[in-house]
$ cat input28.cif   # mmCIF, C-alpha atoms
data_coords
#
loop_
_atom_site.label_atom_id
_atom_site.label_comp_id
_atom_site.auth_asym_id
_atom_site.auth_seq_id
_atom_site.Cartn_x
_atom_site.Cartn_y
_atom_site.Cartn_z
CA MET B 1 21.62 30.05 -14.64
CA THR B 2 22.58 33.70 -14.64
CA GLN B 3 26.23 34.71 -14.81
CA GLU B 4 25.98 35.64 -11.13
CA ASP B 5 24.58 32.19 -10.27
CA LEU B 6 27.35 30.45 -12.16
CA ALA B 7 30.03 32.64 -10.59
CA HIS B 8 28.69 31.82 -7.12
CA ALA B 9 28.62 28.08 -7.87
CA CYS B 10 32.19 28.21 -9.19
CA HIS B 11 33.52 30.46 -6.39
CA LEU B 12 34.70 32.87 -9.10
CA SER B 13 34.05 36.52 -9.88
CA VAL B 14 31.32 37.55 -12.30
CA ASP B 15 34.01 39.24 -14.41
CA ALA B 16 35.84 35.91 -14.75
CA ILE B 17 32.65 34.21 -15.97
CA ARG B 18 31.92 37.01 -18.43
CA ALA B 19 35.44 36.87 -19.82
CA ALA B 20 35.23 33.08 -20.15
CA GLU B 21 31.90 33.27 -21.98
CA ARG B 22 33.34 35.79 -24.44
CA ASP B 23 36.38 33.49 -24.89
CA VAL B 24 38.56 36.40 -23.87
CA ARG B 25 40.18 34.74 -20.88
CA LEU B 26 39.46 31.08 -20.15
CA THR B 27 42.17 29.63 -17.95
CA LEU B 28 42.38 25.96 -17.06
CA PRO B 29 41.42 26.56 -13.38
CA THR B 30 38.35 28.51 -14.54
CA LEU B 31 37.42 25.77 -17.01
CA LEU B 32 37.72 23.07 -14.35
CA ALA B 33 35.72 25.13 -11.84
CA VAL B 34 32.88 25.59 -14.35
CA SER B 35 32.99 21.89 -15.24
CA ALA B 36 32.70 20.89 -11.58
CA ALA B 37 29.89 23.38 -10.87
CA LEU B 38 27.82 22.24 -13.86
CA HIS B 39 28.66 18.53 -13.48
CA CYS B 40 29.43 18.69 -17.18
CA ASP B 41 32.35 17.35 -19.19
CA VAL B 42 34.99 19.87 -20.28
CA SER B 43 34.54 18.81 -23.92
CA VAL B 44 30.89 19.91 -23.81
CA ILE B 45 31.77 23.30 -22.34
CA LEU B 46 34.33 23.85 -25.10
CA GLY B 47 31.82 22.82 -27.78
CA GLN B 48 33.83 19.76 -28.80
CA SER B 49 30.95 17.38 -28.10
CA THR B 50 27.20 17.84 -27.87
CA PRO B 51 25.28 17.46 -24.61
CA ARG B 52 22.15 15.34 -24.58
CA ARG B 53 19.11 17.52 -25.21
CA ALA B 54 17.15 16.01 -22.33
CA THR B 55 19.90 16.15 -19.70
CA THR B 56 19.27 18.66 -16.92
CA HIS B 57 21.55 19.94 -14.19
CA ALA B 58 19.77 17.63 -11.72
CA ASP B 59 20.37 14.67 -14.05
CA ARG B 60 24.08 15.42 -14.13
CA VAL B 61 24.28 15.64 -10.34
CA ILE B 62 22.55 12.25 -10.04
CA MET B 63 24.81 10.66 -12.64
CA THR B 64 27.93 12.00 -10.92
CA ALA B 65 26.81 10.45 -7.62
CA LEU B 66 26.01 7.18 -9.39
CA SER B 67 29.40 7.15 -11.09
CA HIS B 68 31.17 7.67 -7.78
CA ALA B 69 29.18 4.86 -6.14
CA ILE B 70 29.89 2.37 -8.94
CA HIS B 71 33.60 3.09 -9.23
CA ASP B 72 34.21 3.41 -5.47
CA THR B 73 32.50 0.14 -4.55
CA SER B 74 34.16 -1.80 -7.37
CA ALA B 75 37.51 -0.62 -5.97
CA GLY B 76 36.55 -1.77 -2.47
CA ARG B 77 35.91 1.71 -1.08
CA LEU B 78 32.90 1.46 1.23
CA PRO B 79 30.93 4.14 3.11
CA GLU B 80 32.55 4.91 6.45
CA THR B 81 29.40 6.38 8.00
CA LEU B 82 27.29 3.23 7.62
CA ASP B 83 27.41 1.49 11.02
CA GLU B 84 25.11 -1.40 10.15
CA PRO B 85 24.19 -1.95 6.49
CA PRO B 86 20.60 -2.91 5.64
CA THR B 87 19.85 -6.62 5.57
CA VAL B 88 19.60 -8.56 2.31
CA ALA B 89 15.82 -8.62 2.71
CA GLU B 90 15.68 -4.84 3.18
CA LEU B 91 17.93 -4.28 0.17
CA SER B 92 15.78 -6.62 -1.92
CA GLU B 93 12.76 -4.45 -1.12
CA ILE B 94 14.67 -1.38 -2.32
CA VAL B 95 15.59 -3.23 -5.53
CA THR B 96 11.90 -4.00 -6.11
CA GLN B 97 11.03 -0.34 -5.49
CA ALA B 98 13.74 0.79 -7.91
CA TRP B 99 12.50 -1.51 -10.67
CA SER B 100 8.93 -0.38 -10.09
CA THR B 101 10.02 3.25 -10.44
CA TYR B 102 12.10 2.41 -13.50
CA TRP B 103 9.13 0.92 -15.31
CA THR B 104 7.12 4.08 -14.73
CA GLY B 105 9.77 5.95 -16.73
CA GLN B 106 11.10 8.04 -13.83
CA TYR B 107 14.74 7.36 -14.61
CA ALA B 108 16.21 10.25 -12.63
CA GLN B 109 14.48 9.00 -9.48
CA VAL B 110 15.86 5.51 -10.11
CA GLY B 111 19.34 6.98 -10.46
CA ALA B 112 18.90 8.74 -7.13
CA LEU B 113 17.91 5.42 -5.54
CA ALA B 114 20.64 3.42 -7.26
CA ALA B 115 23.67 5.30 -5.91
CA PRO B 116 23.00 4.61 -2.18
CA LEU B 117 21.69 1.14 -3.08
CA VAL B 118 25.02 0.21 -4.67
CA ARG B 119 26.98 1.49 -1.66
CA GLU B 120 24.73 -0.23 0.88
CA ALA B 121 24.68 -3.52 -1.05
CA ALA B 122 28.49 -3.49 -1.20
CA ALA B 123 28.64 -2.76 2.53
CA ARG B 124 26.24 -5.62 3.26
CA LEU B 125 28.42 -8.02 1.25
CA HIS B 126 31.45 -6.87 3.26
CA VAL B 127 29.87 -7.84 6.60
CA GLN B 128 27.91 -10.88 5.40
CA PRO B 129 29.02 -14.09 7.19
CA ASP B 130 31.00 -16.68 5.25
CA GLY B 131 28.77 -19.24 3.61
CA GLU B 132 25.89 -16.75 3.37
CA GLN B 133 27.30 -14.40 0.77
CA ALA B 134 25.47 -15.66 -2.33
CA SER B 135 22.33 -13.67 -1.51
CA ALA B 136 24.39 -10.52 -0.90
CA TRP B 137 26.19 -10.97 -4.22
CA ALA B 138 22.79 -11.35 -5.91
CA VAL B 139 21.42 -8.09 -4.53
CA LEU B 140 24.67 -6.30 -5.42
CA ALA B 141 24.31 -7.65 -8.98
CA ASP B 142 20.78 -6.24 -9.10
CA ALA B 143 22.02 -2.85 -7.90
CA TYR B 144 24.72 -2.71 -10.55
CA ARG B 145 22.30 -3.83 -13.29
CA ILE B 146 19.80 -1.11 -12.35
CA SER B 147 22.65 1.40 -12.44
CA ALA B 148 23.71 0.20 -15.88
CA TYR B 149 20.17 0.61 -17.23
CA VAL B 150 19.90 4.17 -15.91
CA ALA B 151 23.34 5.09 -17.25
CA ASN B 152 22.49 3.65 -20.66
CA LEU B 153 19.26 5.65 -20.87
CA MET B 154 21.03 8.82 -19.74
CA GLY B 155 23.63 8.40 -22.48
CA ALA B 156 26.51 7.65 -20.07
CA ARG B 157 27.72 4.71 -22.14
CA ASP B 158 31.09 4.16 -20.42
CA LEU B 159 29.38 4.10 -17.03
CA ALA B 160 26.81 1.63 -18.36
CA TYR B 161 29.60 -0.67 -19.57
CA ALA B 162 31.36 -0.44 -16.20
CA ALA B 163 28.20 -1.12 -14.18
CA ILE B 164 27.09 -4.09 -16.27
CA GLY B 165 30.62 -5.50 -16.05
CA HIS B 166 30.51 -5.34 -12.23
CA ALA B 167 27.04 -6.91 -12.34
CA HIS B 168 28.47 -9.79 -14.37
CA HIS B 169 31.16 -10.42 -11.75
CA ALA B 170 28.59 -10.28 -8.94
CA THR B 171 26.25 -12.79 -10.61
CA SER B 172 29.14 -15.20 -11.16
CA GLN B 173 29.70 -15.13 -7.38
CA ALA B 174 25.97 -15.52 -6.70
CA ALA B 175 25.82 -18.62 -8.98
CA ASP B 176 22.35 -17.66 -10.24
CA PRO B 177 21.82 -18.65 -13.92
CA LEU B 178 18.69 -16.54 -14.42
CA ARG B 179 20.33 -13.42 -13.02
CA ALA B 180 23.42 -14.11 -15.12
CA ALA B 181 21.27 -14.30 -18.26
CA LEU B 182 19.56 -11.01 -17.38
CA VAL B 183 22.95 -9.34 -16.97
CA ASP B 184 24.01 -10.66 -20.40
CA SER B 185 20.78 -9.27 -21.83
CA GLY B 186 21.55 -5.93 -20.20
CA ARG B 187 24.99 -5.88 -21.80
CA ALA B 188 23.39 -6.71 -25.16
CA TRP B 189 21.12 -3.69 -24.70
CA VAL B 190 24.16 -1.47 -24.06
CA TYR B 191 25.67 -2.87 -27.27
CA LEU B 192 22.44 -2.08 -29.10
CA ARG B 193 22.47 1.56 -27.98
CA ASP B 194 26.15 1.73 -28.90
CA ALA B 195 25.27 0.55 -32.44
CA ARG B 196 27.17 -2.73 -31.95
CA LEU B 197 24.35 -4.74 -33.50
CA ALA B 198 26.23 -7.93 -34.34
CA ASP B 199 27.67 -8.12 -30.81
CA ALA B 200 24.23 -7.42 -29.35
CA LEU B 201 22.63 -10.21 -31.35
CA ASP B 202 25.37 -12.74 -30.49
CA LEU B 203 25.03 -12.04 -26.77
CA ALA B 204 21.22 -11.94 -26.81
CA GLU B 205 21.11 -15.31 -28.59
CA LYS B 206 23.60 -16.85 -26.17
CA ALA B 207 21.71 -15.55 -23.13
CA ALA B 208 18.43 -16.97 -24.43
CA THR B 209 19.94 -20.33 -25.39
CA ASP B 210 21.66 -20.72 -22.00
CA ILE B 211 18.35 -20.58 -20.15
CA GLU B 212 15.94 -22.07 -22.71
CA PRO B 213 13.50 -24.11 -20.61
CA ARG B 214 11.31 -27.10 -21.40
CA PHE B 215 7.96 -25.40 -21.87
CA SER B 216 6.04 -28.30 -20.34
CA LYS B 217 7.93 -28.03 -17.04
CA ALA B 218 9.07 -24.38 -16.94
CA SER B 219 7.94 -22.08 -14.14
CA HIS B 220 6.44 -18.67 -14.86
CA GLU B 221 9.68 -17.14 -13.61
CA GLU B 222 11.76 -19.13 -16.11
CA LEU B 223 9.38 -18.36 -18.97
CA THR B 224 9.41 -14.65 -18.08
CA VAL B 225 13.18 -14.43 -18.29
CA TYR B 226 13.42 -16.61 -21.40
CA GLY B 227 10.57 -14.83 -23.18
CA SER B 228 12.04 -11.38 -22.56
CA HIS B 229 15.41 -12.61 -23.85
CA ILE B 230 14.12 -14.17 -27.04
CA ASN B 231 11.97 -11.10 -27.64
CA PHE B 232 15.02 -8.88 -27.34
CA ALA B 233 16.88 -11.09 -29.82
CA ALA B 234 14.01 -10.48 -32.26
CA VAL B 235 14.36 -6.72 -31.71
CA VAL B 236 18.08 -6.80 -32.51
CA ALA B 237 17.54 -8.98 -35.58
CA SER B 238 14.97 -6.48 -36.85
CA ARG B 239 17.46 -3.63 -36.41
CA MET B 240 19.81 -5.62 -38.63
CA ALA B 241 17.03 -6.02 -41.23
CA ASN B 242 17.18 -9.80 -40.80
CA SER B 243 13.48 -10.58 -41.23
CA ASP B 244 13.84 -14.39 -41.20
CA ARG B 245 15.76 -14.41 -37.93
CA ALA B 246 13.39 -11.88 -36.38
CA ALA B 247 10.37 -13.97 -37.44
CA ASP B 248 11.89 -17.11 -35.89
CA TYR B 249 12.50 -15.37 -32.57
CA LEU B 250 9.05 -13.77 -32.64
CA SER B 251 7.50 -17.21 -33.06
CA GLN B 252 9.34 -18.44 -29.97
CA SER B 253 8.37 -15.29 -28.07
CA HIS B 254 4.69 -15.76 -28.88
CA ALA B 255 4.93 -19.43 -27.88
CA ALA B 256 6.39 -18.51 -24.49
CA GLY B 257 3.73 -15.84 -23.98
CA ALA B 258 0.92 -18.22 -24.93
CA ARG B 259 2.28 -20.84 -22.52
CA MET B 260 2.19 -18.29 -19.68
CA GLY B 261 -1.33 -17.09 -20.47
CA ARG B 262 -0.85 -13.74 -18.71
CA GLU B 263 1.82 -11.18 -17.88
CA HIS B 264 4.22 -12.18 -15.15
CA GLY B 265 7.03 -10.25 -13.43
CA ALA B 266 10.41 -11.58 -12.32
CA PHE B 267 13.81 -10.00 -11.62
CA GLY B 268 12.62 -6.53 -12.59
CA THR B 269 11.16 -7.55 -15.96
CA LEU B 270 7.67 -8.37 -17.20
CA PHE B 271 6.67 -10.75 -19.96
CA GLY B 272 3.57 -12.48 -21.28
CA PRO B 273 1.30 -12.63 -24.32
CA VAL B 274 0.56 -8.89 -24.36
CA THR B 275 4.26 -8.00 -24.15
CA ALA B 276 5.06 -10.41 -26.98
CA THR B 277 2.40 -8.90 -29.26
CA THR B 278 3.08 -5.23 -28.53
CA GLN B 279 6.82 -5.65 -29.01
CA ALA B 280 6.12 -7.41 -32.30
CA VAL B 281 4.61 -4.12 -33.54
CA GLY B 282 7.93 -2.31 -33.12
CA ILE B 283 9.79 -5.18 -34.78
CA LYS B 284 7.48 -5.07 -37.81
CA VAL B 285 7.90 -1.30 -38.06
CA SER B 286 11.70 -1.65 -37.97
CA LEU B 287 11.51 -4.16 -40.81
CA GLY B 288 9.36 -1.78 -42.87
CA GLU B 289 6.38 -4.14 -42.68
CA THR B 290 3.89 -1.36 -41.96
CA GLY B 291 0.78 -3.26 -43.03
CA GLN B 292 1.55 -6.16 -40.70
CA ALA B 293 2.29 -3.71 -37.88
CA LEU B 294 -1.11 -2.03 -38.36
CA ASP B 295 -2.85 -5.41 -38.43
CA LEU B 296 -1.21 -6.30 -35.11
CA ILE B 297 -2.26 -2.94 -33.66
CA ASP B 298 -5.88 -3.64 -34.63
CA SER B 299 -5.70 -7.00 -32.84
CA ILE B 300 -4.38 -5.53 -29.58
CA GLY B 301 -6.94 -4.51 -27.01
CA ASP B 302 -6.21 -3.63 -23.39
CA VAL B 303 -2.54 -2.97 -22.61
CA SER B 304 -3.04 -1.95 -18.98
CA GLN B 305 -1.29 -5.15 -17.87
CA LEU B 306 2.00 -3.69 -19.14
CA GLN B 307 4.25 -1.43 -17.11
CA LYS B 308 3.80 2.26 -17.87
CA ALA B 309 7.10 2.58 -19.74
CA ALA B 310 6.20 -0.43 -21.89
CA GLN B 311 2.79 1.10 -22.65
CA HIS B 312 4.44 4.34 -23.74
CA ARG B 313 7.00 2.56 -25.87
CA TYR B 314 4.20 0.64 -27.59
CA ALA B 315 2.48 3.97 -28.24
CA MET B 316 5.67 5.22 -29.95
CA ASP B 317 5.81 2.13 -32.18
CA LYS B 318 2.12 2.54 -32.97
CA ALA B 319 2.57 6.23 -33.83
CA LEU B 320 5.55 5.40 -36.06
CA ALA B 321 3.52 2.76 -37.94
CA GLN B 322 0.70 5.28 -38.41
CA ALA B 323 3.16 7.90 -39.64
CA ASP B 324 4.67 5.41 -42.10
CA ALA B 325 1.14 4.85 -43.43
CA ARG B 326 0.65 8.64 -43.73
CA MET B 327 -2.09 8.55 -41.10
CA TRP B 328 -0.90 11.93 -39.82
CA ASP B 329 -3.77 12.77 -37.45
CA SER B 330 -3.86 9.28 -35.94
CA ALA B 331 -0.08 9.36 -35.43
CA LEU B 332 -0.33 12.75 -33.71
CA ASP B 333 -3.17 11.56 -31.48
CA THR B 334 -1.12 8.55 -30.38
CA LEU B 335 2.11 10.50 -29.94
CA GLU B 336 0.54 13.43 -28.14
CA GLY B 337 -1.35 11.16 -25.73
CA ALA B 338 1.80 9.31 -24.70
CA LEU B 339 3.88 12.47 -24.32
CA GLU B 340 1.30 14.27 -22.21
CA ASP B 341 0.85 11.19 -20.02
CA ALA B 342 4.60 10.70 -19.47
CA PRO B 343 6.65 13.88 -20.06
CA GLU B 344 9.46 12.69 -17.76
CA TRP B 345 9.76 9.39 -19.65
CA ALA B 346 9.69 11.25 -22.98
CA ARG B 347 12.69 13.39 -22.00
CA HIS B 348 15.00 10.42 -22.41
CA GLN B 349 13.56 9.03 -25.64
CA ALA B 350 14.79 9.79 -29.14
CA LEU B 351 11.92 8.13 -31.00
CA PRO B 352 9.37 10.96 -30.44
CA GLY B 353 11.64 13.28 -32.41
CA VAL B 354 11.90 10.75 -35.25
CA ILE B 355 8.11 10.48 -35.40
CA ALA B 356 7.67 14.25 -35.29
CA GLU B 357 10.08 14.62 -38.20
CA LYS B 358 8.12 12.06 -40.24
CA ILE B 359 4.80 13.75 -39.44
CA GLY B 360 6.37 17.05 -40.44
CA ALA B 361 6.32 15.82 -44.03
CA GLY B 362 2.55 15.98 -43.80
CA SER B 363 2.58 19.70 -42.92
CA THR B 364 0.36 19.15 -39.89
CA ALA B 365 -0.16 22.32 -37.86
CA ARG B 366 -0.68 20.33 -34.63
CA LEU B 367 2.93 19.22 -34.89
CA ARG B 368 4.01 22.44 -33.19
CA LYS B 369 2.35 21.38 -29.93
CA VAL B 370 4.06 18.00 -29.96
CA SER B 371 7.38 19.65 -30.81
CA ARG B 372 7.06 21.91 -27.77
CA ILE B 373 6.42 18.90 -25.52
CA ILE B 374 9.52 17.02 -26.64
CA GLY B 375 11.62 20.18 -26.94
CA VAL B 376 12.65 19.96 -30.58
CA SER B 377 12.11 22.15 -33.59
CA PRO B 378 9.24 21.04 -35.86
CA VAL B 379 11.56 21.68 -38.80
CA PRO B 380 14.89 19.80 -38.91
CA ARG B 381 17.75 22.23 -38.36
CA GLU B 382 20.79 22.28 -40.60
CA GLY B 383 24.35 22.37 -39.38
CA THR B 384 23.83 20.71 -36.01
CA GLY B 385 27.03 18.74 -36.48
CA PHE B 386 25.49 15.31 -36.00
CA PRO B 387 22.96 13.26 -38.00
CA ALA B 388 19.33 13.08 -36.97
CA ALA B 389 18.18 9.86 -35.31
CA ASP B 390 16.22 7.41 -37.40
CA ARG B 391 14.11 4.38 -36.57
CA ARG B 392 17.19 2.18 -36.17
CA THR B 393 19.31 4.55 -34.10
CA ALA B 394 16.49 5.83 -31.86
CA LEU B 395 16.59 2.83 -29.56
#
$ encode --input "input28.cif" --output "structure tokens"
Amino acid sequence: MTQEDLAHACHLSVDAIRAAERDVRLTLPTLLAVSAALHCDVSVILGQSTPRRATTHADRVIMTALSHAIHDTSAGRLPETLDEPPTVAELSEIVTQAWSTYWTGQYAQVGALAAPLVREAAARLHVQPDGEQASAWAVLADAYRISAYVANLMGARDLAYAAIGHAHHATSQAADPLRAALVDSGRAWVYLRDARLADALDLAEKAATDIEPRFSKASHEELTVYGSHINFAAVVASRMANSDRAADYLSQSHAAGARMGREHGAFGTLFGPVTATTQAVGIKVSLGETGQALDLIDSIGDVSQLQKAAQHRYAMDKALAQADARMWDSALDTLEGALEDAPEWARHQALPGVIAEKIGAGSTARLRKVSRIIGVSPVPREGTGFPAADRRTAL
């Protein structure tokens, strides 16, 4: 934005903006006006905290709307302009659309869908007849869980905690054990991104144990939810460098995938034998077992059954394994292909930067192209005020 653009957005004079930028005259009203216009926290404007590299102005507008929807509905404030809320069936279709968009890696679009979805689901619950509210609570839980996932990816950790907490309450009213387990898994993922590894593992284990089915009688839906949970527990254990625990969970994950025979979707998640094997690559990489990761990669063929975001994440794990093995050109081929195929997804990932930094040790000239795609310097900069991400923090 130019100074003129910012002044117009803030309803201030250009001179006021210029003085504020030079730190000559920055009054509290000016600071608050700039904060509101940019949808940006005051601490970021003052340089007291660092904004996320990938966050755009549009992202901040979406997250502000999502925050308002989550906090307003949890306080019982419903939209006044909605004469007749969508039916539960109509809302369920929107939930399916949101999850489909989420798994393509278009997180900003999901955030734009989630805000009105939360409001409309809360309004539907308000008018739902007594005795028929369980289904409305379930769709509201889905809306809050989607919101929590978007907030977590966008780095809005407090909002993610709030949304997943409201989802937990909604699932308790819906009395749906599978949904409740998915919400617990979502909270464990928030813990993981917040570096609360022990808490994440405890909750992931509990969620998986609570819904562990009898394989001989379990439906595909039950195996999908259980398999994704036990797989996540393996991921957390690998982040804690607990190879024995990770191996045990991986064994159960592979068993669930083998029982299913193919990928199956349920409640906005997908699981099956391909998911179990591709996620095992990332787990082996996290444990430093590069040779085993490369062996798994060689055994994996077609991954088109996976959702796009899962395919791209597998590509990141593959590229990291190749970089660990000093296969610089192969790592760049894998990384570059994923980034060019999904630039919007890549904006919200920290792992590409970690891989680029590792490849940088190989002095590969092609690294400059990859660095331009992900928007980072090919050479680590000093004095940024915060540590670079590594394979355990780039989650």
$ resolve_selection --input "input28.cif" --expression "the PyMOL selection byres ((chain B and resi 185) around 9)" --output "list in words"
Ala180, Ala181, Leu182, Val183, Asp184, Gly186, Arg187, Ala188, Trp189, Val190, Ala200, Leu203, Ala204, Ala207, Ala208, His229 and Phe232 of chain B
$ write_last_selection --input "input28.cif" --atoms "C-alpha atoms" --output "tab-separated table (two decimals), keeping the file's coordinate frame"
chain	number	residue	atom	x	y	z
B	180	ALA	CA	23.42	-14.11	-15.12
B	181	ALA	CA	21.27	-14.30	-18.26
B	182	LEU	CA	19.56	-11.01	-17.38
B	183	VAL	CA	22.95	-9.34	-16.97
B	184	ASP	CA	24.01	-10.66	-20.40
B	186	GLY	CA	21.55	-5.93	-20.20
B	187	ARG	CA	24.99	-5.88	-21.80
B	188	ALA	CA	23.39	-6.71	-25.16
B	189	TRP	CA	21.12	-3.69	-24.70
B	190	VAL	CA	24.16	-1.47	-24.06
B	200	ALA	CA	24.23	-7.42	-29.35
B	203	LEU	CA	25.03	-12.04	-26.77
B	204	ALA	CA	21.22	-11.94	-26.81
B	207	ALA	CA	21.71	-15.55	-23.13
B	208	ALA	CA	18.43	-16.97	-24.43
B	229	HIS	CA	15.41	-12.61	-23.85
B	232	PHE	CA	15.02	-8.88	-27.34
$ closest_residue --input "input28.cif" --among "B:Glu120, B:Asp341, B:Asp324, B:Asp329" --to "Val354 (chain B)" --atoms "all atoms listed in the file"
B:Asp324
$ resolve_selection --input "input28.cif" --expression "the PyMOL selection byres ((chain B and resi 124) around 9)" --output "JSON, numbers by chain"
{"B": [84, 85, 86, 87, 88, 91, 119, 120, 121, 122, 123, 125, 126, 127, 128, 136, 140]}
$ residues_around --input "input28.cif" --residues "Leu159 (chain B)" --least-positions-apart "3" --cutoff "10 Å" --atoms "all atoms listed in the file" --output "PDB file with C-alpha atoms, in the coordinates of the input"
ATOM      1  CA  MET B  63      24.810  10.660 -12.640  1.00  0.00           C
ATOM      2  CA  LEU B  66      26.010   7.180  -9.390  1.00  0.00           C
ATOM      3  CA  SER B  67      29.400   7.150 -11.090  1.00  0.00           C
ATOM      4  CA  ILE B  70      29.890   2.370  -8.940  1.00  0.00           C
ATOM      5  CA  HIS B  71      33.600   3.090  -9.230  1.00  0.00           C
ATOM      6  CA  SER B 147      22.650   1.400 -12.440  1.00  0.00           C
ATOM      7  CA  ALA B 148      23.710   0.200 -15.880  1.00  0.00           C
ATOM      8  CA  TYR B 149      20.170   0.610 -17.230  1.00  0.00           C
ATOM      9  CA  VAL B 150      19.900   4.170 -15.910  1.00  0.00           C
ATOM     10  CA  ALA B 151      23.340   5.090 -17.250  1.00  0.00           C
ATOM     11  CA  ASN B 152      22.490   3.650 -20.660  1.00  0.00           C
ATOM     12  CA  MET B 154      21.030   8.820 -19.740  1.00  0.00           C
ATOM     13  CA  GLY B 155      23.630   8.400 -22.480  1.00  0.00           C
ATOM     14  CA  ALA B 156      26.510   7.650 -20.070  1.00  0.00           C
ATOM     15  CA  ALA B 162      31.360  -0.440 -16.200  1.00  0.00           C
ATOM     16  CA  ALA B 163      28.200  -1.120 -14.180  1.00  0.00           C
ATOM     17  CA  ILE B 164      27.090  -4.090 -16.270  1.00  0.00           C
ATOM     18  CA  GLY B 165      30.620  -5.500 -16.050  1.00  0.00           C
TER      19      GLY B 165
END
$ closest_residue --input "input28.cif" --among "B:Leu296, B:Met1, B:Leu287, B:Ala115" --to "Ala65 (chain B)" --atoms "only C-alpha atoms"
B:Ala115
$ atom_distance --input "input28.cif" --atom1 "CA of Leu117 (chain B)" --atom2 "CA of Val95 (chain B)"
7.9 Å
$ resolve_selection --input "input28.cif" --expression "the PyMOL selection byres ((chain B and resi 105) around 7)" --output "list in words"
Thr101, Tyr102, Trp103, Thr104, Gln106, Tyr107, Ala309, Glu344 and Trp345 of chain B
$ residues_around --input "input28.cif" --residues "Glu212 (chain B)" --least-positions-apart "5" --cutoff "9 Å" --atoms "all atoms listed in the file" --output "PyMOL selection string"
chain B and resi 207+222-223+226
$ write_last_selection --input "input28.cif" --atoms "C-alpha atoms" --output "JSON list (two decimals), in the frame of the given file"
[["chain", "number", "residue", "atom", "x", "y", "z"],
["B", 207, "ALA", "CA", 21.71, -15.55, -23.13],
["B", 222, "GLU", "CA", 11.76, -19.13, -16.11],
["B", 223, "LEU", "CA", 9.38, -18.36, -18.97],
["B", 226, "TYR", "CA", 13.42, -16.61, -21.40]]
$ closest_residue --input "input28.cif" --among "B:Arg313, B:Gln307, B:Pro79, B:Arg22" --to "Gln349 (chain B)" --atoms "all atoms listed in the file"
B:Arg313
$ residues_around --input "input28.cif" --residues "region 261-272 of chain B" --least-positions-apart "6" --cutoff "8 Å" --atoms "all atoms listed in the file" --output "mmCIF file with C-alpha atoms, keeping the file's coordinate frame"
data_model
loop_
_atom_site.group_PDB
_atom_site.id
_atom_site.type_symbol
_atom_site.label_atom_id
_atom_site.label_comp_id
_atom_site.auth_asym_id
_atom_site.auth_seq_id
_atom_site.Cartn_x
_atom_site.Cartn_y
_atom_site.Cartn_z
ATOM 1 C CA THR B 96 11.900 -4.000 -6.110
ATOM 2 C CA TRP B 99 12.500 -1.510 -10.670
ATOM 3 C CA SER B 100 8.930 -0.380 -10.090
ATOM 4 C CA ARG B 179 20.330 -13.420 -13.020
ATOM 5 C CA HIS B 220 6.440 -18.670 -14.860
ATOM 6 C CA GLU B 221 9.680 -17.140 -13.610
ATOM 7 C CA THR B 224 9.410 -14.650 -18.080
ATOM 8 C CA VAL B 225 13.180 -14.430 -18.290
ATOM 9 C CA GLY B 227 10.570 -14.830 -23.180
ATOM 10 C CA SER B 228 12.040 -11.380 -22.560
ATOM 11 C CA GLN B 305 -1.290 -5.150 -17.870
ATOM 12 C CA LEU B 306 2.000 -3.690 -19.140
ATOM 13 C CA GLN B 307 4.250 -1.430 -17.110
#
$ closest_residue --input "input28.cif" --among "B:Ala195, B:Gly282, B:Ala175, B:Gly257" --to "Arg157 (chain B)" --atoms "all atoms listed in the file"
B:Ala195
$ residues_near_point --input "input28.cif" --point "(3.3, -0.7, -39.4)" --cutoff "9 Å" --atoms "all atoms listed in the file" --output "ChimeraX atom specification"
/B:281-282,284-286,288-297,317-325
$ atom_distance --input "input28.cif" --atom1 "CA of Leu335 (chain B)" --atom2 "CA of Ala315 (chain B)"
6.8 Å
$ decode --input "input28.cif" --residues "region 150-166 of chain B" --atoms "C-alpha atoms" --output "compact mmCIF listing (two decimals), in the first residue's frame"
# COMPACT_ATOMS: atom_id res chain seq x y z
CA VAL B 150 -7.90 -22.85 9.49
CA ALA B 151 -6.92 -20.72 12.48
CA ASN B 152 -4.17 -23.17 13.42
CA LEU B 153 -2.70 -23.12 9.91
CA MET B 154 -2.89 -19.32 9.78
CA GLY B 155 -0.98 -19.06 13.04
CA ALA B 156 -3.94 -17.70 15.05
CA ARG B 157 -3.31 -20.07 17.94
CA ASP B 158 -5.66 -18.47 20.50
CA LEU B 159 -8.50 -18.55 17.98
CA ALA B 160 -7.73 -22.19 17.22
CA TYR B 161 -7.93 -23.05 20.93
CA ALA B 162 -11.24 -21.18 21.26
CA ALA B 163 -12.80 -22.81 18.19
CA ILE B 164 -11.76 -26.35 19.12
CA GLY B 165 -13.07 -25.75 22.65
CA HIS B 166 -16.50 -24.76 21.27
